[in-house]
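Structure file data_13.cif with mmCIF, C-alpha atoms:
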data_query
loop_
_atom_site.label_atom_id
_atom_site.label_comp_id
_atom_site.auth_asym_id
_atom_site.auth_seq_id
_atom_site.Cartn_x
_atom_site.Cartn_y
_atom_site.Cartn_z
CA MET A 1000 88.08 -112.66 -209.87
CA HIS A 1001 88.11 -109.16 -208.47
CA ASP A 1002 91.67 -108.24 -207.54
CA ALA A 1003 91.42 -104.74 -206.11
CA HIS A 1004 93.61 -105.14 -203.03
CA PHE A 1005 97.39 -104.89 -203.20
CA PRO A 1006 99.62 -107.37 -201.38
CA LEU A 1007 101.53 -105.98 -198.39
CA PRO A 1008 105.02 -105.66 -200.01
CA ASP A 1009 103.54 -103.63 -202.87
CA LEU A 1010 102.18 -101.09 -200.41
CA LEU A 1011 105.26 -101.23 -198.21
CA PHE A 1012 107.61 -100.36 -201.08
CA GLY A 1013 105.20 -98.59 -203.43
CA ILE A 1014 104.09 -95.81 -201.07
CA PRO A 1015 107.64 -94.73 -200.06
CA ALA A 1016 108.69 -94.82 -203.75
CA LEU A 1017 105.83 -92.52 -204.77
CA LEU A 1018 106.49 -90.29 -201.75
CA ALA A 1019 110.19 -90.02 -202.62
CA ILE A 1020 109.41 -88.97 -206.20
CA GLY A 1021 106.74 -86.52 -204.99
CA ILE A 1022 109.01 -84.91 -202.39
CA TYR A 1023 111.94 -84.65 -204.82
CA ILE A 1024 109.87 -82.97 -207.56
CA GLY A 1025 108.16 -80.77 -204.96
CA ALA A 1026 111.54 -79.62 -203.59
CA VAL A 1027 112.78 -78.84 -207.10
CA LEU A 1028 109.66 -76.80 -207.92
CA ILE A 1029 109.81 -74.88 -204.62
CA THR A 1030 113.52 -74.05 -204.75
CA ASN A 1031 113.44 -73.15 -208.46
CA ARG A 1032 111.07 -70.31 -207.54
CA ARG A 1033 113.65 -68.79 -205.18
CA GLY A 1034 115.40 -66.17 -207.27
CA ARG A 1035 118.80 -66.39 -205.59
CA LEU A 1036 119.23 -70.09 -206.43
CA ARG A 1037 120.29 -71.59 -209.73
CA LYS A 1038 117.70 -73.64 -211.61
CA TRP A 1039 117.97 -77.31 -210.59
CA PRO A 1040 119.17 -79.34 -213.64
CA TRP A 1041 116.20 -81.22 -215.10
CA LEU A 1042 118.48 -84.17 -215.94
CA ARG A 1043 118.90 -84.77 -212.21
CA MET A 1044 115.14 -84.95 -211.81
CA VAL A 1045 114.92 -87.47 -214.66
CA SER A 1046 117.74 -89.46 -213.06
CA PHE A 1047 115.99 -89.55 -209.69
CA VAL A 1048 112.61 -90.61 -211.09
CA ALA A 1049 114.29 -93.31 -213.21
CA GLY A 1050 116.32 -94.54 -210.22
CA VAL A 1051 113.29 -94.87 -207.96
CA PHE A 1052 111.34 -96.46 -210.82
CA PHE A 1053 114.00 -99.15 -211.39
CA ALA A 1054 114.22 -99.86 -207.67
CA ALA A 1055 110.43 -100.20 -207.56
CA VAL A 1056 110.43 -102.55 -210.57
CA ALA A 1057 112.67 -104.90 -208.58
CA LEU A 1058 110.41 -104.74 -205.50
CA ILE A 1059 106.84 -104.67 -206.83
CA GLY A 1060 105.04 -105.84 -209.94
CA PRO A 1061 105.62 -108.74 -212.33
CA LEU A 1062 109.43 -108.93 -212.12
CA ALA A 1063 109.32 -109.01 -208.31
CA ARG A 1064 106.65 -111.72 -208.33
CA GLN A 1065 108.58 -113.82 -210.84
CA SER A 1066 111.79 -113.48 -208.86
CA HIS A 1067 110.32 -115.56 -206.02
CA THR A 1068 110.52 -118.65 -208.19
CA ASP A 1069 112.97 -117.68 -210.96
CA PHE A 1070 116.62 -116.98 -210.04
CA THR A 1071 117.31 -115.20 -213.35
CA ALA A 1072 114.47 -112.76 -212.70
CA HIS A 1073 115.76 -112.35 -209.15
CA MET A 1074 119.19 -111.44 -210.51
CA ALA A 1075 117.74 -108.95 -213.01
CA GLY A 1076 115.94 -107.33 -210.08
CA HIS A 1077 119.11 -107.37 -208.00
CA LEU A 1078 121.02 -105.50 -210.75
CA LEU A 1079 118.30 -102.84 -210.88
CA LEU A 1080 117.89 -102.51 -207.11
CA GLY A 1081 121.50 -102.80 -205.99
CA MET A 1082 123.41 -101.17 -208.84
CA LEU A 1083 121.49 -99.14 -211.43
CA ALA A 1084 118.93 -97.53 -209.10
CA PRO A 1085 121.55 -96.42 -206.51
CA LEU A 1086 123.72 -94.93 -209.27
CA LEU A 1087 120.80 -92.99 -210.79
CA VAL A 1088 119.66 -91.75 -207.38
CA ALA A 1089 123.22 -90.72 -206.44
CA LEU A 1090 123.55 -88.81 -209.74
CA ALA A 1091 120.39 -86.90 -208.81
CA ALA A 1092 122.24 -85.33 -205.82
CA PRO A 1093 119.36 -85.73 -203.34
CA MET A 1094 121.39 -84.45 -200.36
CA THR A 1095 122.24 -81.21 -202.16
CA LEU A 1096 118.56 -80.77 -202.95
CA ILE A 1097 117.57 -81.32 -199.31
CA LEU A 1098 120.21 -78.84 -198.12
CA ARG A 1099 118.96 -76.14 -200.46
CA THR A 1100 115.31 -76.75 -199.62
CA ILE A 1101 115.39 -76.63 -195.80
CA ASN A 1102 116.13 -73.47 -193.81
CA VAL A 1103 119.66 -72.51 -192.78
CA HIS A 1104 119.22 -73.61 -189.18
CA LEU A 1105 118.17 -77.13 -190.14
CA ALA A 1106 120.77 -77.27 -192.91
CA ARG A 1107 123.52 -76.56 -190.37
CA LYS A 1108 122.26 -79.39 -188.18
CA LEU A 1109 122.12 -81.76 -191.15
CA SER A 1110 125.62 -80.88 -192.30
CA ARG A 1111 126.90 -81.46 -188.75
CA LEU A 1112 125.30 -84.90 -188.92
CA LEU A 1113 127.00 -85.54 -192.29
CA GLN A 1114 130.33 -84.60 -190.70
CA SER A 1115 129.84 -87.02 -187.81
CA SER A 1116 132.09 -90.04 -187.50
CA PHE A 1117 128.97 -92.23 -187.74
CA VAL A 1118 128.25 -91.12 -191.30
CA GLY A 1119 131.99 -91.12 -191.99
CA PHE A 1120 132.16 -94.78 -191.01
CA PHE A 1121 129.43 -95.90 -193.39
CA THR A 1122 130.67 -93.80 -196.32
CA HIS A 1123 134.23 -95.12 -195.94
CA PRO A 1124 134.94 -96.88 -199.29
CA ILE A 1125 136.10 -100.11 -197.65
CA VAL A 1126 133.16 -100.27 -195.21
CA ALA A 1127 130.69 -99.55 -198.02
CA ALA A 1128 132.34 -102.15 -200.27
CA VAL A 1129 132.23 -104.81 -197.53
CA LEU A 1130 128.58 -104.03 -196.75
CA ASN A 1131 127.75 -104.24 -200.45
CA ILE A 1132 129.83 -107.14 -201.81
CA GLY A 1133 130.18 -108.94 -198.45
CA GLY A 1134 126.41 -108.82 -198.06
CA LEU A 1135 126.00 -110.49 -201.44
CA TRP A 1136 128.46 -113.25 -200.54
CA LEU A 1137 126.46 -113.84 -197.36
CA LEU A 1138 123.19 -113.92 -199.29
CA TYR A 1139 124.25 -116.35 -202.02
CA THR A 1140 126.70 -118.66 -200.26
CA THR A 1141 124.67 -119.37 -197.10
CA ASP A 1142 121.08 -120.49 -196.49
CA LEU A 1143 120.02 -116.85 -196.35
CA TYR A 1144 118.75 -116.89 -199.93
CA ALA A 1145 116.43 -119.86 -199.31
CA THR A 1146 115.33 -118.57 -195.90
CA MET A 1147 114.53 -115.14 -197.33
CA HIS A 1148 111.75 -116.60 -199.48
CA SER A 1149 109.89 -118.09 -196.53
CA ASN A 1150 110.43 -115.25 -194.06
CA PHE A 1151 108.62 -112.03 -194.96
CA LEU A 1152 110.53 -109.76 -192.56
CA LEU A 1153 113.88 -111.11 -193.73
CA HIS A 1154 112.77 -110.56 -197.33
CA ILE A 1155 112.13 -106.87 -196.60
CA ILE A 1156 115.41 -106.42 -194.69
CA VAL A 1157 117.51 -108.05 -197.42
CA HIS A 1158 115.98 -105.89 -200.16
CA VAL A 1159 116.34 -102.66 -198.18
CA HIS A 1160 119.94 -103.65 -197.44
CA VAL A 1161 120.73 -104.35 -201.11
CA PHE A 1162 119.56 -100.86 -202.12
CA LEU A 1163 121.15 -99.00 -199.19
CA ALA A 1164 124.47 -100.84 -199.48
CA GLY A 1165 124.50 -100.17 -203.23
CA TYR A 1166 123.80 -96.49 -202.56
CA LEU A 1167 126.52 -96.19 -199.89
CA PHE A 1168 128.97 -97.94 -202.19
CA THR A 1169 128.15 -95.51 -205.03
CA ILE A 1170 128.45 -92.33 -202.94
CA SER A 1171 131.64 -93.58 -201.29
CA LEU A 1172 133.26 -93.81 -204.75
CA VAL A 1173 131.91 -90.88 -206.76
CA TYR A 1174 131.45 -87.56 -205.00
CA ILE A 1175 128.38 -85.82 -206.38
CA ASP A 1176 126.65 -84.80 -203.14
CA PRO A 1177 128.72 -83.07 -200.44
CA ILE A 1178 130.78 -85.66 -198.61
CA PHE A 1179 132.95 -84.66 -195.70
CA HIS A 1180 135.20 -87.68 -195.27
CA ARG A 1181 137.01 -87.75 -198.59
CA PHE A 1182 139.54 -90.20 -200.00
CA SER A 1183 142.06 -89.80 -202.83
CA TYR A 1184 141.25 -91.00 -206.34
CA THR A 1185 143.94 -93.68 -206.08
CA TYR A 1186 142.49 -95.01 -202.83
CA ARG A 1187 138.95 -95.16 -204.21
CA THR A 1188 140.14 -96.77 -207.46
CA VAL A 1189 141.99 -99.56 -205.64
CA VAL A 1190 139.00 -100.32 -203.39
CA PHE A 1191 136.70 -100.25 -206.42
CA ILE A 1192 138.88 -102.72 -208.39
CA VAL A 1193 138.89 -105.18 -205.49
CA ALA A 1194 135.13 -104.77 -205.01
CA LEU A 1195 134.38 -105.35 -208.71
CA ALA A 1196 136.65 -108.40 -208.63
CA GLY A 1197 134.71 -109.69 -205.60
CA HIS A 1198 131.47 -109.22 -207.55
CA GLY A 1199 132.84 -111.09 -210.60
CA ILE A 1200 134.28 -113.93 -208.52
CA LEU A 1201 130.94 -114.33 -206.70
CA SER A 1202 129.15 -114.53 -210.08
CA LYS A 1203 131.37 -117.41 -211.20
CA PHE A 1204 131.06 -119.04 -207.78
CA ILE A 1205 127.25 -118.99 -208.13
CA TYR A 1206 127.63 -120.49 -211.62
CA ALA A 1207 129.73 -123.32 -210.19
CA TYR A 1208 127.86 -123.79 -206.90
CA PRO A 1209 124.19 -122.69 -207.19
CA PRO A 1210 122.55 -121.47 -203.95
CA ALA A 1211 120.33 -124.03 -202.18
CA GLY A 1212 117.05 -124.60 -204.00
CA VAL A 1213 118.11 -122.93 -207.27
CA PRO A 1214 118.07 -125.16 -210.40
CA VAL A 1215 121.48 -125.35 -212.16
CA GLU A 1216 120.26 -123.82 -215.44
CA GLN A 1217 118.70 -120.80 -213.72
CA ALA A 1218 121.80 -120.32 -211.57
CA ARG A 1219 124.02 -120.29 -214.66
CA VAL A 1220 121.96 -117.74 -216.61
CA GLY A 1221 121.54 -115.66 -213.46
CA ALA A 1222 125.27 -115.79 -212.69
CA MET A 1223 126.18 -114.63 -216.20
CA LEU A 1224 123.62 -111.84 -215.97
CA MET A 1225 125.18 -110.78 -212.67
CA TYR A 1226 128.69 -110.87 -214.17
CA TYR A 1227 128.02 -108.92 -217.36
CA GLY A 1228 125.28 -106.69 -215.96
CA GLY A 1229 127.58 -105.75 -213.10
CA ASP A 1230 130.31 -104.95 -215.63
CA ALA A 1231 127.98 -102.68 -217.57
CA VAL A 1232 126.82 -100.62 -214.58
CA ASP A 1233 130.32 -100.47 -213.08
CA LEU A 1234 131.70 -99.26 -216.42
CA LEU A 1235 129.46 -96.19 -216.02
CA LEU A 1236 130.71 -95.74 -212.46
CA ILE A 1237 134.37 -96.10 -213.54
CA PHE A 1238 133.80 -93.55 -216.31
CA ILE A 1239 132.33 -91.00 -213.86
CA LEU A 1240 135.10 -91.57 -211.30
CA PHE A 1241 137.86 -91.15 -213.88
CA LYS A 1242 136.12 -88.16 -215.49
CA HIS A 1243 136.19 -86.38 -212.10
CA TRP A 1244 139.85 -87.35 -211.72
CA TYR A 1245 140.63 -86.05 -215.22
CA GLN A 1246 138.90 -82.74 -214.46
CA SER A 1247 140.62 -82.37 -211.09
CA VAL A 1248 144.13 -82.46 -212.63
CA ARG A 1249 143.34 -80.03 -215.44
CA PRO A 1250 146.53 -78.06 -216.23
CA ARG A 1251 145.95 -74.48 -215.05
CA LYS A 1252 148.42 -72.85 -217.43
CA LEU A 1253 146.74 -74.03 -220.61
CA VAL A 1254 143.39 -72.74 -219.39
CA SER A 1255 144.78 -69.26 -218.77
CA MET A 1256 146.52 -69.28 -222.18
CA SER A 1257 143.26 -69.96 -223.97
CA GLY A 1258 141.86 -66.87 -222.27
CA LYS A 1259 139.06 -68.66 -220.42
CA ALA A 1260 140.45 -68.21 -216.93
CA VAL A 1261 139.08 -65.57 -214.59
CA MET B 62 159.90 -68.51 -234.82
CA THR B 63 156.69 -69.44 -233.04
CA MET B 64 156.60 -72.63 -235.07
CA THR B 65 160.02 -73.71 -233.74
CA HIS B 66 158.87 -72.76 -230.29
CA ASN B 67 155.77 -75.02 -230.57
CA VAL B 68 157.79 -77.95 -231.90
CA ASN B 69 160.27 -77.53 -229.07
CA ALA B 70 157.48 -77.24 -226.51
CA HIS B 71 155.85 -80.37 -227.91
CA SER B 72 159.03 -82.44 -227.66
CA ASP B 73 159.75 -80.99 -224.20
CA ASN B 74 156.24 -81.94 -223.08
CA ARG B 75 156.70 -85.44 -224.46
CA VAL B 76 159.91 -85.91 -222.51
CA THR B 77 158.37 -84.48 -219.32
CA PHE B 78 155.43 -86.87 -219.62
CA ALA B 79 157.35 -89.86 -221.05
CA ARG B 80 156.38 -92.10 -218.13
CA ARG B 81 152.74 -91.17 -218.46
CA ASN B 82 152.84 -92.00 -222.19
CA LEU B 83 154.34 -95.38 -221.42
CA TRP B 84 151.86 -96.23 -218.64
CA SER B 85 148.88 -95.02 -220.63
CA GLY B 86 149.92 -97.38 -223.43
CA ILE B 87 150.56 -100.32 -221.09
CA LEU B 88 147.18 -99.89 -219.35
CA PHE B 89 145.25 -99.47 -222.57
CA GLY B 90 147.06 -102.43 -224.16
CA LEU B 91 146.18 -104.69 -221.25
CA GLY B 92 142.56 -103.53 -221.27
CA PHE B 93 142.31 -103.85 -225.04
CA VAL B 94 143.59 -107.44 -225.11
CA ALA B 95 141.24 -108.38 -222.25
CA PHE B 96 138.38 -106.75 -224.14
CA LEU B 97 139.23 -108.64 -227.35
CA ASP B 98 139.48 -111.88 -225.36
CA GLU B 99 136.00 -111.29 -223.96
CA THR B 100 134.24 -110.22 -227.19
CA LEU B 101 136.06 -112.49 -229.64
CA PHE B 102 136.67 -115.72 -227.74
CA HIS B 103 133.85 -115.67 -225.17
CA GLN B 104 130.99 -113.94 -226.98
CA LEU B 105 131.47 -114.31 -230.74
CA LEU B 106 133.32 -117.61 -231.20
CA HIS B 107 132.13 -119.22 -227.95
CA TRP B 108 135.50 -120.99 -227.68
CA HIS B 109 136.22 -119.91 -224.10
CA LYS B 110 134.00 -121.17 -221.30
CA PHE B 111 132.50 -118.87 -218.68
CA TYR B 112 133.59 -121.38 -216.07
CA ASP B 113 135.64 -124.57 -216.33
CA LYS B 114 135.20 -127.25 -213.67
CA SER B 115 138.96 -127.83 -213.44
CA THR B 116 139.62 -124.20 -212.40
CA VAL B 117 141.70 -123.99 -209.23
CA ALA B 118 140.49 -121.57 -206.54
CA VAL B 119 143.31 -119.10 -207.07
CA GLY B 120 142.43 -119.12 -210.78
CA LEU B 121 138.96 -117.78 -210.00
CA ILE B 122 140.53 -114.96 -207.96
CA SER B 123 143.16 -114.16 -210.59
CA ASP B 124 140.52 -114.14 -213.33
CA GLY B 125 138.23 -111.91 -211.24
CA LEU B 126 140.98 -109.42 -210.39
CA PHE B 127 142.28 -109.17 -213.94
CA HIS B 128 138.80 -108.90 -215.39
CA ALA B 129 137.94 -106.04 -213.01
CA PHE B 130 141.33 -104.38 -213.51
CA SER B 131 141.01 -104.53 -217.31
CA TRP B 132 137.94 -102.26 -217.24
CA PHE B 133 139.76 -99.67 -215.17
CA ALA B 134 142.86 -100.02 -217.36
CA THR B 135 140.89 -99.43 -220.57
CA VAL B 136 138.98 -96.38 -219.32
CA GLY B 137 141.93 -95.02 -217.33
CA GLY B 138 144.37 -95.54 -220.24
CA LEU B 139 142.09 -93.57 -222.56
CA PHE B 140 141.62 -90.74 -220.05
CA LEU B 141 145.42 -90.56 -219.83
CA VAL B 142 145.54 -90.20 -223.64
CA ALA B 143 143.09 -87.31 -223.35
CA ASP B 144 145.26 -85.81 -220.61
CA LEU B 145 148.42 -86.12 -222.74
CA ARG B 146 146.65 -84.52 -225.68
CA ARG B 147 145.47 -81.51 -223.69
CA ARG B 148 149.08 -81.08 -222.50
CA ASP B 149 150.35 -81.47 -226.08
CA ALA B 150 152.51 -84.35 -224.85
CA LEU B 151 151.22 -87.47 -226.64
CA TRP B 152 154.19 -89.50 -227.87
CA HIS B 153 152.82 -92.00 -230.38
CA LYS B 154 155.85 -94.25 -230.67
CA LEU B 155 156.29 -94.62 -226.93
CA TRP B 156 152.54 -95.06 -226.43
CA TRP B 157 152.34 -97.84 -229.04
CA GLY B 158 155.40 -99.49 -227.51
CA GLY B 159 153.63 -99.47 -224.16
CA LYS B 160 150.41 -100.74 -225.69
CA LEU B 161 152.09 -103.73 -227.35
CA LEU B 162 154.11 -104.48 -224.22
CA GLY B 163 151.06 -104.31 -221.92
CA GLY B 164 148.83 -106.26 -224.30
CA GLY B 165 151.48 -108.90 -224.99
CA ALA B 166 152.36 -109.33 -221.30
CA PHE B 167 148.72 -109.85 -220.37
CA GLN B 168 148.15 -112.28 -223.26
CA LEU B 169 151.23 -114.29 -222.23
CA TYR B 170 150.07 -114.37 -218.58
CA ASP B 171 146.60 -115.43 -219.71
CA GLY B 172 147.94 -118.07 -222.11
CA THR B 173 150.44 -119.65 -219.73
CA ILE B 174 149.55 -119.07 -216.05
CA GLN B 175 145.76 -118.61 -216.33
CA HIS B 176 144.99 -121.16 -219.05
CA LYS B 177 147.60 -123.80 -218.23
CA LEU B 178 148.50 -123.55 -214.53
CA MET B 179 145.23 -122.26 -213.07
CA ARG B 180 143.13 -123.96 -215.77
CA ILE B 181 140.46 -121.22 -215.77
CA HIS B 182 139.50 -122.40 -219.27
CA GLN B 183 141.20 -123.55 -222.46
CA ILE B 184 141.35 -121.57 -225.71
CA ARG B 185 139.03 -124.06 -227.40
CA TYR B 186 137.48 -127.39 -226.47
CA ASN B 187 137.37 -130.77 -228.27
CA VAL B 188 140.33 -129.96 -230.52
CA ASP B 189 144.07 -130.59 -230.43
CA ILE B 190 144.94 -127.63 -228.21
CA LEU B 191 148.70 -127.45 -228.91
CA PRO B 192 148.61 -125.31 -232.11
CA TYR B 193 146.16 -122.90 -230.43
CA ASP B 194 148.39 -122.53 -227.38
CA LEU B 195 151.48 -122.03 -229.57
CA ILE B 196 149.89 -119.32 -231.75
CA TRP B 197 148.44 -117.61 -228.67
CA ASN B 198 151.68 -117.45 -226.74
CA ILE B 199 154.04 -116.84 -229.66
CA SER B 200 151.91 -113.90 -230.84
CA ALA B 201 152.05 -112.61 -227.26
CA ALA B 202 155.85 -112.90 -227.24
CA ILE B 203 156.07 -111.07 -230.60
CA MET B 204 153.94 -108.23 -229.20
CA ILE B 205 156.26 -107.95 -226.19
CA VAL B 206 159.42 -107.91 -228.34
CA VAL B 207 158.05 -105.33 -230.81
CA GLY B 208 156.76 -103.26 -227.88
CA ILE B 209 160.15 -103.20 -226.16
CA GLY B 210 161.77 -102.39 -229.51
CA LEU B 211 159.49 -99.38 -230.02
CA ILE B 212 160.12 -98.13 -226.48
CA ALA B 213 163.90 -98.43 -226.97
CA SER B 214 163.65 -96.68 -230.33
CA ALA B 215 161.62 -93.83 -228.81
CA LYS B 216 164.28 -93.40 -226.14
CA ARG B 217 166.98 -93.32 -228.85
CA ASP B 218 165.03 -90.61 -230.70
CA LYS B 219 165.00 -88.61 -227.48
CA ARG B 220 168.76 -88.90 -227.07
CA VAL B 221 169.41 -87.90 -230.71
CA GLU B 222 167.05 -84.95 -230.31
CA ASN B 223 168.75 -83.86 -227.10
CA GLY B 224 172.12 -84.16 -228.86
CA ALA B 225 170.91 -82.04 -231.79
CA PHE B 226 169.66 -79.34 -229.45
CA SER B 227 172.82 -79.27 -227.41
CA ASN B 228 174.85 -78.79 -230.61
CA ALA B 229 172.65 -75.97 -231.85
#
How does this structure look as structure tokens?
Amino acid sequence: MHDAHFPLPDLLFGIPALLAIGIYIGAVLITNRRGRLRKWPWLRMVSFVAGVFFAAVALIGPLARQSHTDFTAHMAGHLLLGMLAPLLVALAAPMTLILRTINVHLARKLSRLLQSSFVGFFTHPIVAAVLNIGGLWLLYTTDLYATMHSNFLLHIIVHVHVFLAGYLFTISLVYIDPIFHRFSYTYRTVVFIVALAGHGILSKFIYAYPPAGVPVEQARVGAMLMYYGGDAVDLLLIFILFKHWYQSVRPRKLVSMSGKAV
Amino acid sequence: MTMTHNVNAHSDNRVTFARRNLWSGILFGLGFVAFLDETLFHQLLHWHKFYDKSTVAVGLISDGLFHAFSWFATVGGLFLVADLRRRDALWHKLWWGGKLLGGGAFQLYDGTIQHKLMRIHQIRYNVDILPYDLIWNISAAIMIVVGIGLIASAKRDKRVENGAFSNA
């Protein structure tokens, strides 16, 4: 059988993914040629490409196809799309790259938008955590999960939501790109602990009460994957958050004594 | 001369950051015991169950909160150690006292409230559970007692030191 045509979701997610990678690399190459700017760290480029790649793996290709019928595969995809990909993309500082690529006039407009209360609302740690973890509770404890597989539009919306909510959650906790509505380390840590607990509790809830239409064995393996996979990605996030905290309270005196201070 | 100055500075730093030493130890101890529980009893021995049908609802919440908190406690406790070291203020005796106290307190909470009252899971299944529960909780109590002893001893050292300096 000749299978040259791609199904609709592959195109719908694949083209934006390729575009995002192309634009990011293009912006890096263009701005690196401007003498007054520092060279963009290549690790950030690697991080961005990897992030988009992992998100795409969850949306198109064999894992995505298998996840329609296999809950464990679905959960592996969810970990990539909702946790690992957002973290890698956030580490790539895409907003900083945009701001240094566009002209000053546009950059001012964009930074005004970032300062707006609208953006402030969605990057509030509690709002982002509720969108992220609350969304998952909604997906796995109601009929949404079963409905999603028969409704194409809902399928798209849920997957876009999982990535965006994961991204908002990440940037509301670790500040890599400029963020104008900032919260203390203590505040972010407390919200993060409660959110991670909500994720762990949901994993065990799925183990005990599988979503409609999911066989018990698949639900159990999937739930454990969610629990431990979530731990692994969040450990990275905790490490970054605390590393920033550690650096922010560096004792000034010792630095000047070692002769490194300006 | 400079040597005495450094020793004095070190013991001054330790006293200034005594609370931080204690909390760093407590947090790391809690995280470390939770980590051992997970690797040893869940993953390697397969004695603990991921989920036990008799778990009460509040048990699921308690387990989730402590599991999440233990990650933050481990990483945060170690970053505090790094912070104390760069300030030349790490106080080993007080830190170990805190570690044993935090680890023992969590193990006792896990062994009594979480295992027995909330029934999140038992230490092991299809065996006479009593000796397991006794060893678990008695070892927790020993950790707490030794931990408190070390903390008290560290505080005594501080008083003696202060006395010596005031006489000099």
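You can rank A:Leu1098, A:Leu1087, A:Ala1055, A:Met1147 by their closest distance to Thr1030 of chain A using only C-alpha atoms, and at the top of that list sits A:Leu1098.
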Could you check how far atom CA of Val1045 of chain A sits from atom CA of Leu1167 of chain A, in Å to one decimal? 20.7 Å
Residue contacts of segment 131-139 of chain B (7 Å, only C-alpha atoms) excluding same-chain residues fewer than 5 positions away, as a ChimeraX atom specification: /A:1234,1237-1238,1241 /B:85-86,88-89,91-93,95
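Residues captured in this structure file are B:Phe111, B:Tyr112, B:Asp113, B:Lys114, B:Ala118, B:Gly120, B:Leu121, B:Ile122, B:Ser123, B:Asp124, B:Gly125, B:Leu126, B:Phe127, B:His128, B:Ala129, B:Phe130, B:Ser131, B:Trp132, B:Phe133, B:Val136, B:Gly137, B:Leu139, B:Phe140, B:Leu141, B:Ala143, B:Asp144, B:Arg147, B:Arg148, B:Asp149, according to the PyMOL selection byres ((chain B) within 10 of (chain A)).
For the pair atom CA of Phe1120 of chain A and atom CA of Asp1176 of chain A, the separation is 16.6 Å.
Interatomic distance, atom CA of Val207 of chain B against atom CA of Lys177 of chain B: 24.7 Å.
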Phe78 of chain B: which residues within 9 Å, counting all atoms listed in the file, same-chain residues fewer than 5 positions away excluded, as an MDAnalysis selection string? chainID B and resid 73 83 145 150:152
Taking the file as I've supplied it (selection: the PyMOL selection byres ((chain A and resi 1178) around 10)), which residues are included? Please answer as a ChimeraX atom specification. /A:1094,1110,1113-1114,1118-1119,1122,1170-1171,1173-1177,1179-1182
Pull out every residue that the PyMOL selection byres ((chain A and resi 1024) around 12) matches in the shown coordinates and put them as a PyMOL selection string. chain A and resi 1017-1023+1025-1031+1039-1041+1043-1048+1091+1093+1096-1097+1100
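The residue set within 10 Å of Gly1228 of chain A, counting all atoms listed in the file and dropping same-chain residues fewer than 6 places from it, reads A:Met1074, A:Ala1075, A:Leu1078, A:Leu1079, A:Met1082, A:Leu1083, A:Ala1222, A:Leu1234.
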Each residue of segment 1152-1206 of chain A with at least one atom at most 10 Å from segment 1058-1073 of chain A should appear once, together with its nearest atom pair and the corresponding distance in Å (one decimal); atoms considered: all atoms listed in the file; ordering: chain, then increasing residue number; output as CSV.
residue,atom,partner,partner_atom,distance
A:Ile1155,CA,A:Leu1058,CA,9.3
A:His1158,CA,A:Leu1058,CA,7.8
A:Val1159,CA,A:Leu1058,CA,9.6
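Of the listed residues A:Phe1121, A:Phe1151, A:Tyr1208, A:Tyr1166, the one whose atoms come nearest to Val1051 of chain A is A:Tyr1166, with distances taken using all atoms listed in the file.
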Which one of A:Ala1049, A:Ile1132, A:Ala1211, A:Ile1205 sits closest to Thr1146 of chain A if you count all atoms listed in the file? A:Ala1211
Residue contacts of Lys110 of chain B (10 Å, all atoms listed in the file) excluding same-chain residues fewer than 5 positions away, as number ranges by chain: B: 102-104, 181-186
